[in-house]
file data.pdb (PDB, C-alpha atoms, pLDDT in the B column)
ATOM      1  CA  MET A   1     -18.918 -12.732 -16.018  1.00 68.00           C
ATOM      2  CA  GLU A   2     -19.038  -9.239 -14.563  1.00 59.00           C
ATOM      3  CA  LEU A   3     -22.861  -9.326 -14.441  1.00 63.00           C
ATOM      4  CA  ALA A   4     -22.807 -12.803 -12.889  1.00 67.00           C
ATOM      5  CA  ARG A   5     -20.364 -11.688 -10.183  1.00 61.00           C
ATOM      6  CA  GLY A   6     -22.661  -8.770  -9.355  1.00 57.00           C
ATOM      7  CA  VAL A   7     -25.700 -11.046  -9.082  1.00 62.00           C
ATOM      8  CA  VAL A   8     -23.879 -13.547  -6.860  1.00 61.00           C
ATOM      9  CA  ALA A   9     -22.557 -10.782  -4.626  1.00 57.00           C
ATOM     10  CA  GLN A  10     -26.052  -9.295  -4.221  1.00 58.00           C
ATOM     11  CA  VAL A  11     -27.559 -12.714  -3.394  1.00 61.00           C
ATOM     12  CA  GLU A  12     -24.875 -13.177  -0.735  1.00 59.00           C
ATOM     13  CA  GLN A  13     -25.624  -9.718   0.609  1.00 55.00           C
ATOM     14  CA  ILE A  14     -29.368 -10.463   0.918  1.00 55.00           C
ATOM     15  CA  GLY A  15     -28.610 -13.639   2.857  1.00 55.00           C
ATOM     16  CA  GLN A  16     -26.191 -11.902   5.173  1.00 51.00           C
ATOM     17  CA  LEU A  17     -28.509  -8.972   5.839  1.00 52.00           C
ATOM     18  CA  SER A  18     -31.387 -11.348   6.602  1.00 52.00           C
ATOM     19  CA  LEU A  19     -29.261 -12.824   9.391  1.00 51.00           C
ATOM     20  CA  GLY A  20     -28.464  -9.443  10.856  1.00 53.00           C
ATOM     21  CA  ASP A  21     -24.892 -10.022   9.758  1.00 57.00           C
ATOM     22  CA  GLN A  22     -24.080  -6.369   9.213  1.00 55.00           C
ATOM     23  CA  LEU A  23     -24.045  -5.619  12.946  1.00 60.00           C
ATOM     24  CA  ALA A  24     -21.934  -8.648  13.829  1.00 77.00           C
ATOM     25  CA  THR A  25     -18.926  -8.002  16.048  1.00 83.00           C
ATOM     26  CA  SER A  26     -17.207 -11.333  15.493  1.00 88.00           C
ATOM     27  CA  GLY A  27     -15.802 -13.010  12.417  1.00 92.00           C
ATOM     28  CA  VAL A  28     -12.731 -12.962  10.207  1.00 94.00           C
ATOM     29  CA  LEU A  29     -11.248 -10.003   8.356  1.00 97.00           C
ATOM     30  CA  ARG A  30      -8.832 -11.058   5.605  1.00 97.00           C
ATOM     31  CA  ILE A  31      -6.588  -8.385   4.136  1.00 98.00           C
ATOM     32  CA  ALA A  32      -4.120  -8.704   1.268  1.00 97.00           C
ATOM     33  CA  THR A  33      -1.312  -6.171   1.060  1.00 95.00           C
ATOM     34  CA  THR A  34       2.444  -5.674   0.780  1.00 91.00           C
ATOM     35  CA  HIS A  35       5.146  -6.198   3.382  1.00 91.00           C
ATOM     36  CA  THR A  36       5.792  -2.448   3.653  1.00 91.00           C
ATOM     37  CA  MET A  37       2.141  -1.726   4.455  1.00 94.00           C
ATOM     38  CA  THR A  38       1.945  -4.634   6.898  1.00 95.00           C
ATOM     39  CA  ARG A  39       5.145  -3.703   8.692  1.00 95.00           C
ATOM     40  CA  TYR A  40       4.938   0.100   8.851  1.00 95.00           C
ATOM     41  CA  LYS A  41       1.370   1.380   8.404  1.00 94.00           C
ATOM     42  CA  LEU A  42      -0.917  -1.282   9.834  1.00 97.00           C
ATOM     43  CA  PRO A  43       0.461  -2.230  13.294  1.00 97.00           C
ATOM     44  CA  ALA A  44      -1.052   0.698  15.226  1.00 96.00           C
ATOM     45  CA  LEU A  45      -4.287   0.404  13.242  1.00 97.00           C
ATOM     46  CA  ILE A  46      -4.624  -3.337  13.885  1.00 98.00           C
ATOM     47  CA  THR A  47      -3.871  -2.868  17.584  1.00 98.00           C
ATOM     48  CA  GLU A  48      -6.703  -0.342  17.896  1.00 98.00           C
ATOM     49  CA  PHE A  49      -9.059  -2.411  15.736  1.00 98.00           C
ATOM     50  CA  SER A  50      -8.431  -5.518  17.879  1.00 97.00           C
ATOM     51  CA  ARG A  51      -9.157  -3.484  21.004  1.00 97.00           C
ATOM     52  CA  ARG A  52     -12.526  -2.498  19.547  1.00 96.00           C
ATOM     53  CA  TYR A  53     -13.348  -5.911  18.074  1.00 96.00           C
ATOM     54  CA  PRO A  54     -11.647  -8.605  20.176  1.00 96.00           C
ATOM     55  CA  GLU A  55     -13.822 -11.317  18.584  1.00 95.00           C
ATOM     56  CA  VAL A  56     -12.689 -10.504  15.028  1.00 96.00           C
ATOM     57  CA  SER A  57      -9.731 -12.512  13.775  1.00 97.00           C
ATOM     58  CA  ILE A  58      -7.446 -10.695  11.310  1.00 97.00           C
ATOM     59  CA  GLN A  59      -5.615 -12.583   8.579  1.00 98.00           C
ATOM     60  CA  LEU A  60      -2.880 -10.738   6.670  1.00 97.00           C
ATOM     61  CA  HIS A  61      -1.868 -12.048   3.250  1.00 97.00           C
ATOM     62  CA  GLN A  62       1.201 -10.618   1.537  1.00 93.00           C
ATOM     63  CA  GLY A  63       1.975 -10.802  -2.164  1.00 89.00           C
ATOM     64  CA  ALA A  64       2.719  -9.118  -5.460  1.00 85.00           C
ATOM     65  CA  PRO A  65       0.099  -6.752  -6.951  1.00 85.00           C
ATOM     66  CA  ALA A  66      -1.220  -9.460  -9.293  1.00 86.00           C
ATOM     67  CA  GLN A  67      -1.662 -11.810  -6.337  1.00 91.00           C
ATOM     68  CA  LEU A  68      -3.398  -9.143  -4.252  1.00 93.00           C
ATOM     69  CA  ALA A  69      -5.827  -8.395  -7.083  1.00 92.00           C
ATOM     70  CA  GLN A  70      -6.568 -12.081  -7.665  1.00 93.00           C
ATOM     71  CA  MET A  71      -7.228 -12.738  -3.975  1.00 95.00           C
ATOM     72  CA  ALA A  72      -9.685  -9.836  -3.816  1.00 94.00           C
ATOM     73  CA  GLN A  73     -11.413 -10.767  -7.079  1.00 93.00           C
ATOM     74  CA  ASN A  74     -11.801 -14.397  -5.989  1.00 93.00           C
ATOM     75  CA  GLY A  75     -13.235 -13.402  -2.605  1.00 93.00           C
ATOM     76  CA  ASP A  76     -10.291 -14.978  -0.781  1.00 95.00           C
ATOM     77  CA  VAL A  77      -9.908 -11.696   1.130  1.00 97.00           C
ATOM     78  CA  GLU A  78     -12.374  -8.958   2.067  1.00 96.00           C
ATOM     79  CA  MET A  79     -10.068  -6.184   0.882  1.00 97.00           C
ATOM     80  CA  ALA A  80      -6.687  -5.505  -0.631  1.00 96.00           C
ATOM     81  CA  ILE A  81      -4.536  -2.473   0.109  1.00 96.00           C
ATOM     82  CA  ALA A  82      -2.538  -1.816  -3.040  1.00 90.00           C
ATOM     83  CA  THR A  83      -0.077   0.858  -4.101  1.00 84.00           C
ATOM     84  CA  GLU A  84       1.116  -0.202  -7.559  1.00 76.00           C
ATOM     85  CA  SER A  85      -0.012  -1.749 -10.880  1.00 78.00           C
ATOM     86  CA  MET A  86      -3.548  -0.461 -10.434  1.00 79.00           C
ATOM     87  CA  HIS A  87      -4.560  -1.668 -13.912  1.00 80.00           C
ATOM     88  CA  LEU A  88      -4.667  -5.130 -12.335  1.00 84.00           C
ATOM     89  CA  PHE A  89      -7.517  -3.954 -10.091  1.00 89.00           C
ATOM     90  CA  ASP A  90      -9.871  -2.733 -12.856  1.00 87.00           C
ATOM     91  CA  GLU A  91     -12.522  -5.313 -11.908  1.00 89.00           C
ATOM     92  CA  LEU A  92     -12.573  -4.109  -8.302  1.00 93.00           C
ATOM     93  CA  ALA A  93     -13.969  -1.077  -6.520  1.00 93.00           C
ATOM     94  CA  THR A  94     -10.967   1.053  -5.601  1.00 94.00           C
ATOM     95  CA  VAL A  95     -10.925   3.848  -3.042  1.00 95.00           C
ATOM     96  CA  PRO A  96      -7.854   6.149  -3.169  1.00 95.00           C
ATOM     97  CA  CYS A  97      -6.692   6.899   0.367  1.00 96.00           C
ATOM     98  CA  TYR A  98      -3.176   8.352   0.567  1.00 96.00           C
ATOM     99  CA  ARG A  99      -0.294   9.743  -1.416  1.00 94.00           C
ATOM    100  CA  TRP A 100       3.106   8.380  -0.522  1.00 93.00           C
ATOM    101  CA  GLY A 101       6.633   9.228  -1.589  1.00 94.00           C
ATOM    102  CA  ARG A 102      10.080   7.719  -1.754  1.00 95.00           C
ATOM    103  CA  SER A 103      13.397   8.284  -0.070  1.00 97.00           C
ATOM    104  CA  VAL A 104      16.991   7.266  -0.560  1.00 97.00           C
ATOM    105  CA  VAL A 105      18.682   5.546   2.367  1.00 98.00           C
ATOM    106  CA  VAL A 106      22.464   5.546   2.758  1.00 98.00           C
ATOM    107  CA  PRO A 107      24.950   4.878   5.570  1.00 98.00           C
ATOM    108  CA  HIS A 108      26.305   7.805   7.570  1.00 97.00           C
ATOM    109  CA  GLY A 109      29.156   9.521   5.733  1.00 97.00           C
ATOM    110  CA  HIS A 110      27.984   8.523   2.251  1.00 97.00           C
ATOM    111  CA  PRO A 111      28.958  10.976  -0.563  1.00 97.00           C
ATOM    112  CA  LEU A 112      25.299  11.511  -1.534  1.00 97.00           C
ATOM    113  CA  LEU A 113      24.844  13.415   1.725  1.00 97.00           C
ATOM    114  CA  ASP A 114      26.881  16.231   0.149  1.00 95.00           C
ATOM    115  CA  CYS A 115      24.626  16.424  -2.930  1.00 93.00           C
ATOM    116  CA  GLN A 116      21.852  18.839  -2.000  1.00 86.00           C
ATOM    117  CA  PRO A 117      19.424  18.904  -3.601  1.00 90.00           C
ATOM    118  CA  LEU A 118      19.766  15.408  -5.009  1.00 95.00           C
ATOM    119  CA  ALA A 119      19.493  14.978  -8.793  1.00 96.00           C
ATOM    120  CA  MET A 120      18.722  11.869 -10.846  1.00 96.00           C
ATOM    121  CA  ALA A 121      22.270  12.026 -12.203  1.00 96.00           C
ATOM    122  CA  ASP A 122      23.569  11.722  -8.620  1.00 97.00           C
ATOM    123  CA  LEU A 123      21.584   8.528  -8.074  1.00 96.00           C
ATOM    124  CA  ALA A 124      22.652   7.105 -11.431  1.00 96.00           C
ATOM    125  CA  ARG A 125      26.293   7.128 -10.290  1.00 96.00           C
ATOM    126  CA  TYR A 126      25.681   4.510  -7.581  1.00 97.00           C
ATOM    127  CA  PRO A 127      24.455   0.903  -7.482  1.00 97.00           C
ATOM    128  CA  LEU A 128      20.828   0.856  -6.315  1.00 97.00           C
ATOM    129  CA  ILE A 129      18.880  -1.527  -4.119  1.00 97.00           C
ATOM    130  CA  THR A 130      15.115  -1.236  -4.429  1.00 94.00           C
ATOM    131  CA  TYR A 131      11.818  -3.059  -4.849  1.00 90.00           C
ATOM    132  CA  VAL A 132      11.089  -5.808  -7.348  1.00 86.00           C
ATOM    133  CA  PHE A 133       9.326  -4.392 -10.412  1.00 72.00           C
ATOM    134  CA  GLY A 134       5.596  -4.146  -9.711  1.00 61.00           C
ATOM    135  CA  PHE A 135       6.115  -3.389  -6.012  1.00 60.00           C
ATOM    136  CA  THR A 136       5.717  -0.096  -4.184  1.00 54.00           C
ATOM    137  CA  GLY A 137       6.219   2.451  -6.920  1.00 54.00           C
ATOM    138  CA  ARG A 138       9.104   0.806  -8.782  1.00 64.00           C
ATOM    139  CA  SER A 139       7.681   1.664 -12.223  1.00 76.00           C
ATOM    140  CA  LYS A 140       7.578   5.395 -11.406  1.00 86.00           C
ATOM    141  CA  MET A 141      11.220   5.291 -10.402  1.00 88.00           C
ATOM    142  CA  ASP A 142      12.181   3.662 -13.693  1.00 86.00           C
ATOM    143  CA  LYS A 143      10.174   6.269 -15.612  1.00 89.00           C
ATOM    144  CA  ALA A 144      11.881   9.099 -13.725  1.00 92.00           C
ATOM    145  CA  PHE A 145      15.300   7.805 -14.787  1.00 93.00           C
ATOM    146  CA  GLY A 146      14.050   7.417 -18.358  1.00 92.00           C
ATOM    147  CA  ARG A 147      12.854  11.037 -18.552  1.00 93.00           C
ATOM    148  CA  HIS A 148      16.419  12.119 -17.817  1.00 92.00           C
ATOM    149  CA  GLY A 149      17.905   9.724 -20.348  1.00 95.00           C
ATOM    150  CA  LEU A 150      19.480   7.656 -17.580  1.00 94.00           C
ATOM    151  CA  SER A 151      19.479   3.965 -16.744  1.00 91.00           C
ATOM    152  CA  PRO A 152      19.576   2.948 -13.076  1.00 92.00           C
ATOM    153  CA  ARG A 153      22.226   0.398 -12.100  1.00 94.00           C
ATOM    154  CA  ILE A 154      20.144  -1.907  -9.930  1.00 95.00           C
ATOM    155  CA  VAL A 155      22.236  -4.547  -8.171  1.00 97.00           C
ATOM    156  CA  LEU A 156      19.584  -6.069  -5.918  1.00 96.00           C
ATOM    157  CA  THR A 157      15.791  -6.086  -5.697  1.00 94.00           C
ATOM    158  CA  ALA A 158      13.504  -7.310  -2.931  1.00 92.00           C
ATOM    159  CA  THR A 159       9.848  -7.200  -1.908  1.00 88.00           C
ATOM    160  CA  ASP A 160      10.745  -6.336   1.675  1.00 91.00           C
ATOM    161  CA  SER A 161      11.860  -2.845   2.801  1.00 94.00           C
ATOM    162  CA  ASP A 162      13.784  -4.302   5.729  1.00 96.00           C
ATOM    163  CA  ILE A 163      15.823  -6.500   3.371  1.00 96.00           C
ATOM    164  CA  ILE A 164      16.678  -3.436   1.257  1.00 97.00           C
ATOM    165  CA  LYS A 165      17.894  -1.530   4.313  1.00 98.00           C
ATOM    166  CA  HIS A 166      19.882  -4.532   5.524  1.00 98.00           C
ATOM    167  CA  TYR A 167      21.863  -4.721   2.280  1.00 98.00           C
ATOM    168  CA  VAL A 168      22.424  -0.961   2.329  1.00 98.00           C
ATOM    169  CA  ARG A 169      24.034  -1.437   5.756  1.00 98.00           C
ATOM    170  CA  LEU A 170      26.235  -4.146   4.225  1.00 98.00           C
ATOM    171  CA  GLY A 171      27.529  -1.594   1.720  1.00 97.00           C
ATOM    172  CA  MET A 172      26.043  -3.133  -1.429  1.00 97.00           C
ATOM    173  CA  GLY A 173      24.476   0.097  -2.661  1.00 97.00           C
ATOM    174  CA  VAL A 174      22.039   2.959  -2.177  1.00 98.00           C
ATOM    175  CA  GLY A 175      18.518   2.019  -1.143  1.00 98.00           C
ATOM    176  CA  VAL A 176      15.320   3.482  -2.636  1.00 96.00           C
ATOM    177  CA  ILE A 177      12.320   2.771  -0.392  1.00 95.00           C
ATOM    178  CA  ALA A 178       8.910   4.129   0.561  1.00 94.00           C
ATOM    179  CA  THR A 179       9.514   7.012   2.972  1.00 96.00           C
ATOM    180  CA  SER A 180       7.107   5.452   5.471  1.00 94.00           C
ATOM    181  CA  ALA A 181       9.408   2.406   5.688  1.00 96.00           C
ATOM    182  CA  PHE A 182      12.117   4.406   7.480  1.00 97.00           C
ATOM    183  CA  ASP A 183      11.609   4.586  11.222  1.00 93.00           C
ATOM    184  CA  GLU A 184      13.431   5.836  14.307  1.00 92.00           C
ATOM    185  CA  GLY A 185      15.264   2.575  14.785  1.00 94.00           C
ATOM    186  CA  ASP A 186      17.009   3.039  11.418  1.00 97.00           C
ATOM    187  CA  ARG A 187      18.593   6.393  12.285  1.00 97.00           C
ATOM    188  CA  GLU A 188      21.508   4.885  14.177  1.00 97.00           C
ATOM    189  CA  SER A 189      22.959   3.329  11.016  1.00 98.00           C
ATOM    190  CA  LEU A 190      21.234   5.043   8.070  1.00 98.00           C
ATOM    191  CA  VAL A 191      20.294   8.498   6.779  1.00 98.00           C
ATOM    192  CA  CYS A 192      17.044   9.098   4.879  1.00 98.00           C
ATOM    193  CA  LEU A 193      16.986  11.612   1.985  1.00 97.00           C
ATOM    194  CA  ASN A 194      13.590  12.508   0.554  1.00 96.00           C
ATOM    195  CA  ILE A 195      13.342  12.381  -3.269  1.00 96.00           C
ATOM    196  CA  ASP A 196       9.749  13.512  -3.824  1.00 95.00           C
ATOM    197  CA  HIS A 197      11.132  16.251  -6.083  1.00 95.00           C
ATOM    198  CA  LEU A 198      12.601  13.577  -8.371  1.00 96.00           C
ATOM    199  CA  ILE A 199       9.927  10.872  -8.517  1.00 93.00           C
ATOM    200  CA  ALA A 200       6.181  11.492  -8.616  1.00 90.00           C
ATOM    201  CA  SER A 201       4.151  10.349  -5.627  1.00 91.00           C
ATOM    202  CA  SER A 202       2.029   7.193  -5.779  1.00 90.00           C
ATOM    203  CA  VAL A 203      -1.388   6.462  -4.270  1.00 92.00           C
ATOM    204  CA  ALA A 204      -2.440   3.753  -1.829  1.00 94.00           C
ATOM    205  CA  HIS A 205      -5.911   2.301  -2.507  1.00 95.00           C
ATOM    206  CA  VAL A 206      -8.333   0.103  -0.625  1.00 96.00           C
ATOM    207  CA  CYS A 207      -9.672  -2.404  -3.153  1.00 96.00           C
ATOM    208  CA  LEU A 208     -12.954  -4.296  -2.709  1.00 96.00           C
ATOM    209  CA  ARG A 209     -15.177  -6.585  -4.754  1.00 94.00           C
ATOM    210  CA  ARG A 210     -17.901  -4.545  -6.426  1.00 92.00           C
ATOM    211  CA  HIS A 211     -21.330  -4.927  -4.835  1.00 89.00           C
ATOM    212  CA  ALA A 212     -19.742  -6.716  -1.872  1.00 91.00           C
ATOM    213  CA  HIS A 213     -21.483  -6.630   1.483  1.00 89.00           C
ATOM    214  CA  LEU A 214     -19.270  -5.165   4.189  1.00 93.00           C
ATOM    215  CA  ARG A 215     -19.929  -5.691   7.872  1.00 94.00           C
ATOM    216  CA  ASP A 216     -19.819  -2.628  10.074  1.00 94.00           C
ATOM    217  CA  TYR A 217     -16.428  -3.597  11.484  1.00 96.00           C
ATOM    218  CA  MET A 218     -15.037  -3.679   7.922  1.00 97.00           C
ATOM    219  CA  TYR A 219     -16.140  -0.098   7.356  1.00 97.00           C
ATOM    220  CA  ASP A 220     -14.590   0.734  10.717  1.00 97.00           C
ATOM    221  CA  PHE A 221     -11.280  -0.806   9.651  1.00 98.00           C
ATOM    222  CA  ILE A 222     -11.253   1.370   6.525  1.00 98.00           C
ATOM    223  CA  HIS A 223     -12.076   4.413   8.657  1.00 97.00           C
ATOM    224  CA  LEU A 224      -9.184   3.636  10.996  1.00 98.00           C
ATOM    225  CA  TYR A 225      -6.881   3.282   8.000  1.00 98.00           C
ATOM    226  CA  ALA A 226      -8.117   6.461   6.291  1.00 97.00           C
ATOM    227  CA  PRO A 227     -10.247   8.625   8.625  1.00 97.00           C
ATOM    228  CA  HIS A 228     -10.875  11.141   5.823  1.00 96.00           C
ATOM    229  CA  VAL A 229     -12.664   8.485   3.695  1.00 96.00           C
ATOM    230  CA  SER A 230     -16.374   8.420   4.506  1.00 95.00           C
ATOM    231  CA  ARG A 231     -18.609   5.369   4.580  1.00 95.00           C
ATOM    232  CA  GLU A 232     -20.637   6.933   1.766  1.00 95.00           C
ATOM    233  CA  THR A 233     -17.520   7.191  -0.398  1.00 96.00           C
ATOM    234  CA  VAL A 234     -16.858   3.486   0.091  1.00 96.00           C
ATOM    235  CA  GLN A 235     -20.476   2.569  -0.655  1.00 95.00           C
ATOM    236  CA  LEU A 236     -20.515   4.615  -3.867  1.00 94.00           C
ATOM    237  CA  ALA A 237     -17.292   2.914  -4.967  1.00 94.00           C
ATOM    238  CA  LEU A 238     -18.857  -0.507  -4.305  1.00 94.00           C
ATOM    239  CA  LEU A 239     -21.742   0.454  -6.591  1.00 91.00           C
ATOM    240  CA  ASN A 240     -19.288   1.734  -9.203  1.00 86.00           C
ATOM    241  CA  GLN A 241     -20.738   5.228  -8.801  1.00 81.00           C
ATOM    242  CA  GLY A 242     -17.861   6.892  -6.995  1.00 76.00           C
ATOM    243  CA  THR A 243     -15.639   9.634  -8.358  1.00 79.00           C
ATOM    244  CA  PRO A 244     -12.015   9.051  -7.280  1.00 79.00           C
ATOM    245  CA  ALA A 245     -10.491  11.920  -5.326  1.00 81.00           C
ATOM    246  CA  PRO A 246      -7.735  13.779  -7.221  1.00 82.00           C
ATOM    247  CA  SER A 247      -4.399  12.491  -5.968  1.00 84.00           C
ATOM    248  CA  ALA A 248      -3.217  16.009  -5.176  1.00 82.00           C
ATOM    249  CA  THR A 249      -5.980  16.387  -2.574  1.00 90.00           C
ATOM    250  CA  LEU A 250      -5.128  13.179  -0.703  1.00 95.00           C
ATOM    251  CA  PRO A 251      -3.124  13.320   2.536  1.00 94.00           C
ATOM    252  CA  TRP A 252       0.363  11.841   2.742  1.00 94.00           C
ATOM    253  CA  LEU A 253       0.802   8.367   4.133  1.00 89.00           C
TER     254      LEU A 253
END
call {"tool": "encode", "arguments": {"input": "data.pdb", "output": "structure tokens"}}
result
Amino acid sequence: MELARGVVAQVEQIGQLSLGDQLATSGVLRIATTHTMTRYKLPALITEFSRRYPEVSIQLHQGAPAQLAQMAQNGDVEMAIATESMHLFDELATVPCYRWGRSVVVPHGHPLLDCQPLAMADLARYPLITYVFGFTGRSKMDKAFGRHGLSPRIVLTATDSDIIKHYVRLGMGVGVIATSAFDEGDRESLVCLNIDHLIASSVAHVCLRRHAHLRDYMYDFIHLYAPHVSRETVQLALLNQGTPAPSATLPWL
């Protein structure tokens, strides 16, 4: 099946290249990713991309990691931007782009604000609101508690960072979110406490079908998302010849 996919992809690429498709400035760019990425990382990027390519229609598809991987493998999307459960993406070309960390969010006046630096035992004392397992680094959080012999008391899970923050405001518990999902508008009601010293960082990847043909504007989208990732790096990954960058050398999201 893997060989057949490669052959089909190369046949498609020959047909597209023969039509001068690579230089096209119109079409559809379908991207599968999570709510957090769609809401907090992509808006400025998409605004700039649409300015450059007004004839390219962008379709955003949100889902769980397994759904993102399946959409990319089936060719339902041109790329997936994934941050968790990377074993699901083994059949795809993956390009590591960023490290990202987590933070705790609490209302003003919460007792955790007096615990500096925060410890896992401090978090274990409170009900937690965080991502559904398989989303946005949840497994690393669970492992961090396990290393300390602790079990988190999770009272609510969601796939949406905004939902987590909403229930923190309602007083249901302490939120654990991607740091990038806390913005200026949240500061009026919430305080953000970084916990990178407690939970290891995760990596955001761009995931593509191996041997896929990318139009120039698709490479440009990846460059806008991760300016430090070269076109050559993407092409080597597509050919399964790339060497992933060590996570420690990647910039923070």
call {"tool": "closest_residue", "arguments": {"input": "data.pdb", "among": "A:Thr233, A:Gln116, A:Thr157, A:Thr130", "to": "Ile195 of chain A", "atoms": "all atoms listed in the file"}}
result
A:Gln116
call {"tool": "closest_atom_pairs", "arguments": {"input": "data.pdb", "of": "segment 87-148 of chain A", "to": "segment 178-183 of chain A", "cutoff": "8 Å", "atoms": "only C-alpha atoms", "output": "CSV"}}
result
residue,atom,partner,partner_atom,distance
A:Trp100,CA,A:Ala178,CA,7.3
A:Gly101,CA,A:Thr179,CA,5.8
A:Arg102,CA,A:Ala178,CA,4.4
A:Ser103,CA,A:Thr179,CA,5.1
A:Thr136,CA,A:Ala178,CA,7.1
call {"tool": "resolve_selection", "arguments": {"input": "data.pdb", "expression": "the PyMOL selection byres ((chain A and resi 31) around 6)", "output": "ChimeraX atom specification"}}
result
/A:30,32,60,77,79-80
call {"tool": "residues_near_point", "arguments": {"input": "data.pdb", "point": "(15.0, 3.3, -0.7)", "cutoff": "6 Å", "atoms": "only C-alpha atoms", "output": "PyMOL selection string"}}
result
chain A and resi 103-105+130+175-177
call {"tool": "axis_aligned_box", "arguments": {"input": "data.pdb", "around": "segment 201-208 of chain A", "padding_each_side": "3 Å", "output": "lines of an AutoDock Vina configuration file"}}
result
center_x = -4.4
center_y = 3.0
center_z = -3.2
size_x = 23.1
size_y = 20.6
size_z = 11.2
call {"tool": "resolve_selection", "arguments": {"input": "data.pdb", "expression": "the PyMOL selection byres ((chain A and resi 78) around 10)", "output": "PDB file with C-alpha atoms, in the frame of the given file"}}
result
ATOM      1  CA  VAL A  28     -12.731 -12.962  10.207  1.00 94.00           C
ATOM      2  CA  LEU A  29     -11.248 -10.003   8.356  1.00 97.00           C
ATOM      3  CA  ARG A  30      -8.832 -11.058   5.605  1.00 97.00           C
ATOM      4  CA  ILE A  31      -6.588  -8.385   4.136  1.00 98.00           C
ATOM      5  CA  ALA A  32      -4.120  -8.704   1.268  1.00 97.00           C
ATOM      6  CA  MET A  71      -7.228 -12.738  -3.975  1.00 95.00           C
ATOM      7  CA  ALA A  72      -9.685  -9.836  -3.816  1.00 94.00           C
ATOM      8  CA  GLN A  73     -11.413 -10.767  -7.079  1.00 93.00           C
ATOM      9  CA  ASN A  74     -11.801 -14.397  -5.989  1.00 93.00           C
ATOM     10  CA  GLY A  75     -13.235 -13.402  -2.605  1.00 93.00           C
ATOM     11  CA  ASP A  76     -10.291 -14.978  -0.781  1.00 95.00           C
ATOM     12  CA  VAL A  77      -9.908 -11.696   1.130  1.00 97.00           C
ATOM     13  CA  MET A  79     -10.068  -6.184   0.882  1.00 97.00           C
ATOM     14  CA  ALA A  80      -6.687  -5.505  -0.631  1.00 96.00           C
ATOM     15  CA  CYS A 207      -9.672  -2.404  -3.153  1.00 96.00           C
ATOM     16  CA  LEU A 208     -12.954  -4.296  -2.709  1.00 96.00           C
ATOM     17  CA  ARG A 209     -15.177  -6.585  -4.754  1.00 94.00           C
ATOM     18  CA  ALA A 212     -19.742  -6.716  -1.872  1.00 91.00           C
ATOM     19  CA  HIS A 213     -21.483  -6.630   1.483  1.00 89.00           C
ATOM     20  CA  LEU A 214     -19.270  -5.165   4.189  1.00 93.00           C
ATOM     21  CA  MET A 218     -15.037  -3.679   7.922  1.00 97.00           C
TER      22      MET A 218
END
call {"tool": "closest_residue", "arguments": {"input": "data.pdb", "among": "A:Asp220, A:Leu112, A:Met172, A:Ser161", "to": "Pro127 of chain A", "atoms": "all atoms listed in the file"}}
result
A:Met172
call {"tool": "residues_near_point", "arguments": {"input": "data.pdb", "point": "(2.3, -11.3, -6.4)", "cutoff": "12 Å", "atoms": "all atoms listed in the file", "output": "count of residues only"}}
result
25
call {"tool": "closest_residue", "arguments": {"input": "data.pdb", "among": "A:His166, A:Arg153, A:Asn194, A:Val95", "to": "Leu113 of chain A", "atoms": "all atoms listed in the file"}}
result
A:Asn194
call {"tool": "atom_distance", "arguments": {"input": "data.pdb", "atom1": "atom CA of Ser247 of chain A", "atom2": "atom CA of Ile199 of chain A"}}
result
14.6 Å
call {"tool": "atom_distance", "arguments": {"input": "data.pdb", "atom1": "atom CA of Val168 of chain A", "atom2": "atom CA of Pro107 of chain A"}}
result
7.1 Å
call {"tool": "closest_residue", "arguments": {"input": "data.pdb", "among": "A:Pro244, A:Thr94, A:Gly146, A:Asp162", "to": "Thr38 of chain A", "atoms": "only C-alpha atoms"}}
result
A:Asp162
call {"tool": "atom_distance", "arguments": {"input": "data.pdb", "atom1": "atom CA of Val174 of chain A", "atom2": "atom CA of His197 of chain A"}}
result
17.6 Å
call {"tool": "resolve_selection", "arguments": {"input": "data.pdb", "expression": "the PyMOL selection byres ((chain A and resi 145) around 12)", "output": "list in words"}}
result
Ala119, Met120, Ala121, Asp122, Leu123, Ala124, Arg125, Arg138, Ser139, Lys140, Met141, Asp142, Lys143, Ala144, Gly146, Arg147, His148, Gly149, Leu150, Ser151, Pro152, Arg153, Ile154, Leu198, Ile199 and Ala200 of chain A
